[in-house]
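Structure first, commentary second.
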Amino acid sequence: MSPLRWFLFLLTLAAGLAAGLLYGWRISPVQYVDTTPDSLRADFRADYVLMVAEIYQSEQNPQTAARRLAALGPASPTQVCAETLQFAMQVGYDPRDIQLLQNLSLALQSLPTGDQP
Amino acid sequence: MKENNAGPWYLLTGLVLGALIGLLYAWWIAPPPLQGNADPASLRADFKDEYRLLIASAYAANGNLSRAQARLNLLSEEPGPALSAQTQRWQQNGAQPAAWQPLELLAQALQAAETPSLSAADSTSLPAALPGSPPPTLDESALVPPITQVFPSPTLRRVLPPARLATPLARPSPQPSFTPGAPFALLDQVTFCDPQRPAWLEVVLLNAEGEPAAAIPLNISWPGGEETFFSGLKPEIGGNGYADFVMSPQVEYTLTLSQGAVRVSGLQAQPCQPASGDSFLGGIHLEFQQP
């Protein structure tokens, strides 16, 4: 093949590669199944923590709240809640929801270290 | 083969080969990382159960049905049957009632909310965001708050007055005594002065037999907002037909129920002046019964 043909071949190869990557990463990415809560996307994760905060506001049981937050990974519930609070403020959660998260965060901080799962 | 006879096929070959390599890389070699990309619908079955319980418990805590419904929609399933199936499964497995009662309560509330939405001409009996709300799949491009964006005016504090936050999680009777179709009639409306319950709007609902009516949606609106709450969430306070709401100072509220057939307007907390001490806002007690 002439150099021009090689060049055109490589050009179309690169175009095909880009199209394949675009399709495989953006248009139709791999769908995961049977996932765990710690792999949730940041916004879903934040809503998970908000649910725990809503329940805590009614139950006033920080140990139970900490146990629920343990599903979100190895980070301590205090850290999980603090990260969520930061996220919530960044993206503009309703002030009432932020208040709930703050209440939960304060309650978790008051827990003895041994009480956190 | 001579180059002249090769034609444009080599270009097509390059394109197809490149696409295959790209797909192979994107799907098998370097797929998007799972961590931080999963959605609730992809959770394993047992985690979905926990997620549903969390939604139901949050609903039992704040009474915000719209929010619970938006969250259930994230699981990409029919909420009612899924909740009922889980309740039955857990009951059969001998789970404690405390574990499945929130699920049952939420299933009942969903059912109660669906009934008027099918027949009511008055849309105020349900939160306006419910029927036509965008699918709560959240914003894929920007990480926005999922619920506050879909339902911009949840007022959790009104449902959960600070004075009662310490009360244990309360649930209505598993068998609500709601008689569909019969609108409630206002029996009594009185104001009261109780410093322990400032600016409280208390509602008691009774069915035709005089029994408490649980899981009845009540819509309260005020200039610039509205909210739906339910009877029966605090049975330890006023029985299964009881519901309450904390009013803001100098705001006039309108309460509607029975698909908008019953409407009580001009509800406003009035100041009370005790013999000693500071003044505070008084409450309003409303009692309804089905004929």
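Ligands are numbered from 1 in the order shown, chains are lettered A, B, ... in the order of the structure tokens, and residues start at 1 in each chain.
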Excluding Leu10 (chain A) and its own-chain neighbours fewer than 3 positions away, which residues fall within 12 Å of it when counting only C-alpha atoms? Please give them as a PDB file with C-alpha atoms, in the first residue's frame.
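To be explicit, this is the file written out as selection-v7.pdb:
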ATOM      1  CA  PRO A   3       1.887   5.814   2.225  1.00  0.00           C
ATOM      2  CA  LEU A   4      -1.302   7.730   1.480  1.00  0.00           C
ATOM      3  CA  ARG A   5      -3.372   4.585   1.793  1.00  0.00           C
ATOM      4  CA  TRP A   6      -1.643   3.688   5.043  1.00  0.00           C
ATOM      5  CA  PHE A   7      -2.373   7.131   6.329  1.00  0.00           C
ATOM      6  CA  LEU A  13      -8.955   3.098  12.323  1.00  0.00           C
ATOM      7  CA  ALA A  14      -8.618   6.007  14.754  1.00  0.00           C
ATOM      8  CA  ALA A  15     -12.082   7.270  13.847  1.00  0.00           C
ATOM      9  CA  GLY A  16     -13.538   3.813  14.470  1.00  0.00           C
ATOM     10  CA  LEU A  17     -11.674   3.582  17.750  1.00  0.00           C
TER      11      LEU A  17
ATOM     12  CA  TYR B  10      -9.494  -0.920   3.382  1.00  0.00           C
ATOM     13  CA  LEU B  11     -11.075   2.260   4.755  1.00  0.00           C
ATOM     14  CA  LEU B  12     -14.155   0.373   5.882  1.00  0.00           C
ATOM     15  CA  THR B  13     -11.946  -2.318   7.361  1.00  0.00           C
ATOM     16  CA  GLY B  14     -10.065   0.306   9.362  1.00  0.00           C
ATOM     17  CA  LEU B  15     -13.283   1.839  10.612  1.00  0.00           C
ATOM     18  CA  VAL B  16     -14.798  -1.469  11.710  1.00  0.00           C
ATOM     19  CA  LEU B  17     -11.572  -2.689  13.239  1.00  0.00           C
ATOM     20  CA  GLY B  18     -11.160   0.564  15.162  1.00  0.00           C
TER      21      GLY B  18
END
Residue list for chain A near chain B as a PyMOL selection string, 7 Å, only C-alpha atoms: chain A and resi 1+8-10+12-21+24-25+30+32-37+39-44+47+51+54-55+57-60+88+91-94+96
One-decimal distance in Å that lies between CA of Gln101 (chain B) and CA of Ala70 (chain A): 22.9 Å
For CA of Ala82 (chain A) and CA of Asp97 (chain A), the interatomic separation in Å (one decimal):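 Taking CA of Ala82 (chain A) as the start and CA of Asp97 (chain A) as the end point, the length is 13.6 Å.
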Spatial neighbours of Ile98 (chain A), max dist 10 Å, only C-alpha atoms, sep filter under 2 positions, as a list in words: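 These residues fall inside the cut-off: Leu50, Ala53, Thr84, Leu85, Gln86, Phe87, Ala88, Met89, Gly92, Tyr93, Asp94, Pro95, Arg96, Leu100, Leu101, Gln102, Asn103 and Leu104 of chain A.
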Would you mind exporting N, CA and C atoms of the selected residues as a PDB file, in the first residue's frame?
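So part07.pdb came out as:
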ATOM      1  N   LEU A  50     -29.218  11.533  53.736  1.00  0.00           N
ATOM      2  CA  LEU A  50     -30.332  12.411  54.130  1.00  0.00           C
ATOM      3  C   LEU A  50     -31.482  11.584  54.720  1.00  0.00           C
ATOM      4  N   ALA A  53     -30.628  10.837  58.109  1.00  0.00           N
ATOM      5  CA  ALA A  53     -30.781  12.049  58.936  1.00  0.00           C
ATOM      6  C   ALA A  53     -32.257  12.291  59.260  1.00  0.00           C
ATOM      7  N   THR A  84     -21.153  14.363  53.103  1.00  0.00           N
ATOM      8  CA  THR A  84     -22.474  14.613  52.533  1.00  0.00           C
ATOM      9  C   THR A  84     -22.915  16.047  52.796  1.00  0.00           C
ATOM     10  N   LEU A  85     -22.627  16.509  53.975  1.00  0.00           N
ATOM     11  CA  LEU A  85     -22.990  17.884  54.327  1.00  0.00           C
ATOM     12  C   LEU A  85     -22.288  18.862  53.387  1.00  0.00           C
ATOM     13  N   GLN A  86     -21.044  18.594  53.133  1.00  0.00           N
ATOM     14  CA  GLN A  86     -20.284  19.449  52.228  1.00  0.00           C
ATOM     15  C   GLN A  86     -20.884  19.407  50.821  1.00  0.00           C
ATOM     16  N   PHE A  87     -21.201  18.199  50.390  1.00  0.00           N
ATOM     17  CA  PHE A  87     -21.825  18.026  49.068  1.00  0.00           C
ATOM     18  C   PHE A  87     -23.152  18.766  49.010  1.00  0.00           C
ATOM     19  N   ALA A  88     -23.949  18.608  50.059  1.00  0.00           N
ATOM     20  CA  ALA A  88     -25.276  19.227  50.087  1.00  0.00           C
ATOM     21  C   ALA A  88     -25.173  20.742  49.997  1.00  0.00           C
ATOM     22  N   MET A  89     -24.192  21.299  50.664  1.00  0.00           N
ATOM     23  CA  MET A  89     -24.045  22.756  50.631  1.00  0.00           C
ATOM     24  C   MET A  89     -23.523  23.214  49.267  1.00  0.00           C
ATOM     25  N   GLY A  92     -26.468  22.988  46.779  1.00  0.00           N
ATOM     26  CA  GLY A  92     -27.647  23.777  47.096  1.00  0.00           C
ATOM     27  C   GLY A  92     -28.845  23.000  47.574  1.00  0.00           C
ATOM     28  N   TYR A  93     -28.646  22.101  48.502  1.00  0.00           N
ATOM     29  CA  TYR A  93     -29.787  21.424  49.120  1.00  0.00           C
ATOM     30  C   TYR A  93     -30.653  22.442  49.849  1.00  0.00           C
ATOM     31  N   ASP A  94     -31.885  22.065  50.072  1.00  0.00           N
ATOM     32  CA  ASP A  94     -32.792  22.892  50.845  1.00  0.00           C
ATOM     33  C   ASP A  94     -32.190  23.114  52.245  1.00  0.00           C
ATOM     34  N   PRO A  95     -32.274  24.331  52.758  1.00  0.00           N
ATOM     35  CA  PRO A  95     -31.691  24.606  54.087  1.00  0.00           C
ATOM     36  C   PRO A  95     -32.221  23.676  55.173  1.00  0.00           C
ATOM     37  N   ARG A  96     -33.468  23.270  55.042  1.00  0.00           N
ATOM     38  CA  ARG A  96     -34.022  22.360  56.065  1.00  0.00           C
ATOM     39  C   ARG A  96     -33.326  21.006  56.031  1.00  0.00           C
ATOM     40  N   LEU A 100     -30.954  19.134  58.848  1.00  0.00           N
ATOM     41  CA  LEU A 100     -31.079  17.743  59.295  1.00  0.00           C
ATOM     42  C   LEU A 100     -29.715  17.053  59.273  1.00  0.00           C
ATOM     43  N   LEU A 101     -28.971  17.296  58.200  1.00  0.00           N
ATOM     44  CA  LEU A 101     -27.643  16.682  58.090  1.00  0.00           C
ATOM     45  C   LEU A 101     -26.710  17.209  59.178  1.00  0.00           C
ATOM     46  N   GLN A 102     -26.836  18.480  59.463  1.00  0.00           N
ATOM     47  CA  GLN A 102     -25.997  19.052  60.524  1.00  0.00           C
ATOM     48  C   GLN A 102     -26.346  18.431  61.886  1.00  0.00           C
ATOM     49  N   ASN A 103     -27.627  18.265  62.115  1.00  0.00           N
ATOM     50  CA  ASN A 103     -28.045  17.642  63.376  1.00  0.00           C
ATOM     51  C   ASN A 103     -27.454  16.236  63.501  1.00  0.00           C
ATOM     52  N   LEU A 104     -27.543  15.500  62.397  1.00  0.00           N
ATOM     53  CA  LEU A 104     -26.999  14.138  62.430  1.00  0.00           C
ATOM     54  C   LEU A 104     -25.491  14.166  62.624  1.00  0.00           C
TER      55      LEU A 104
END
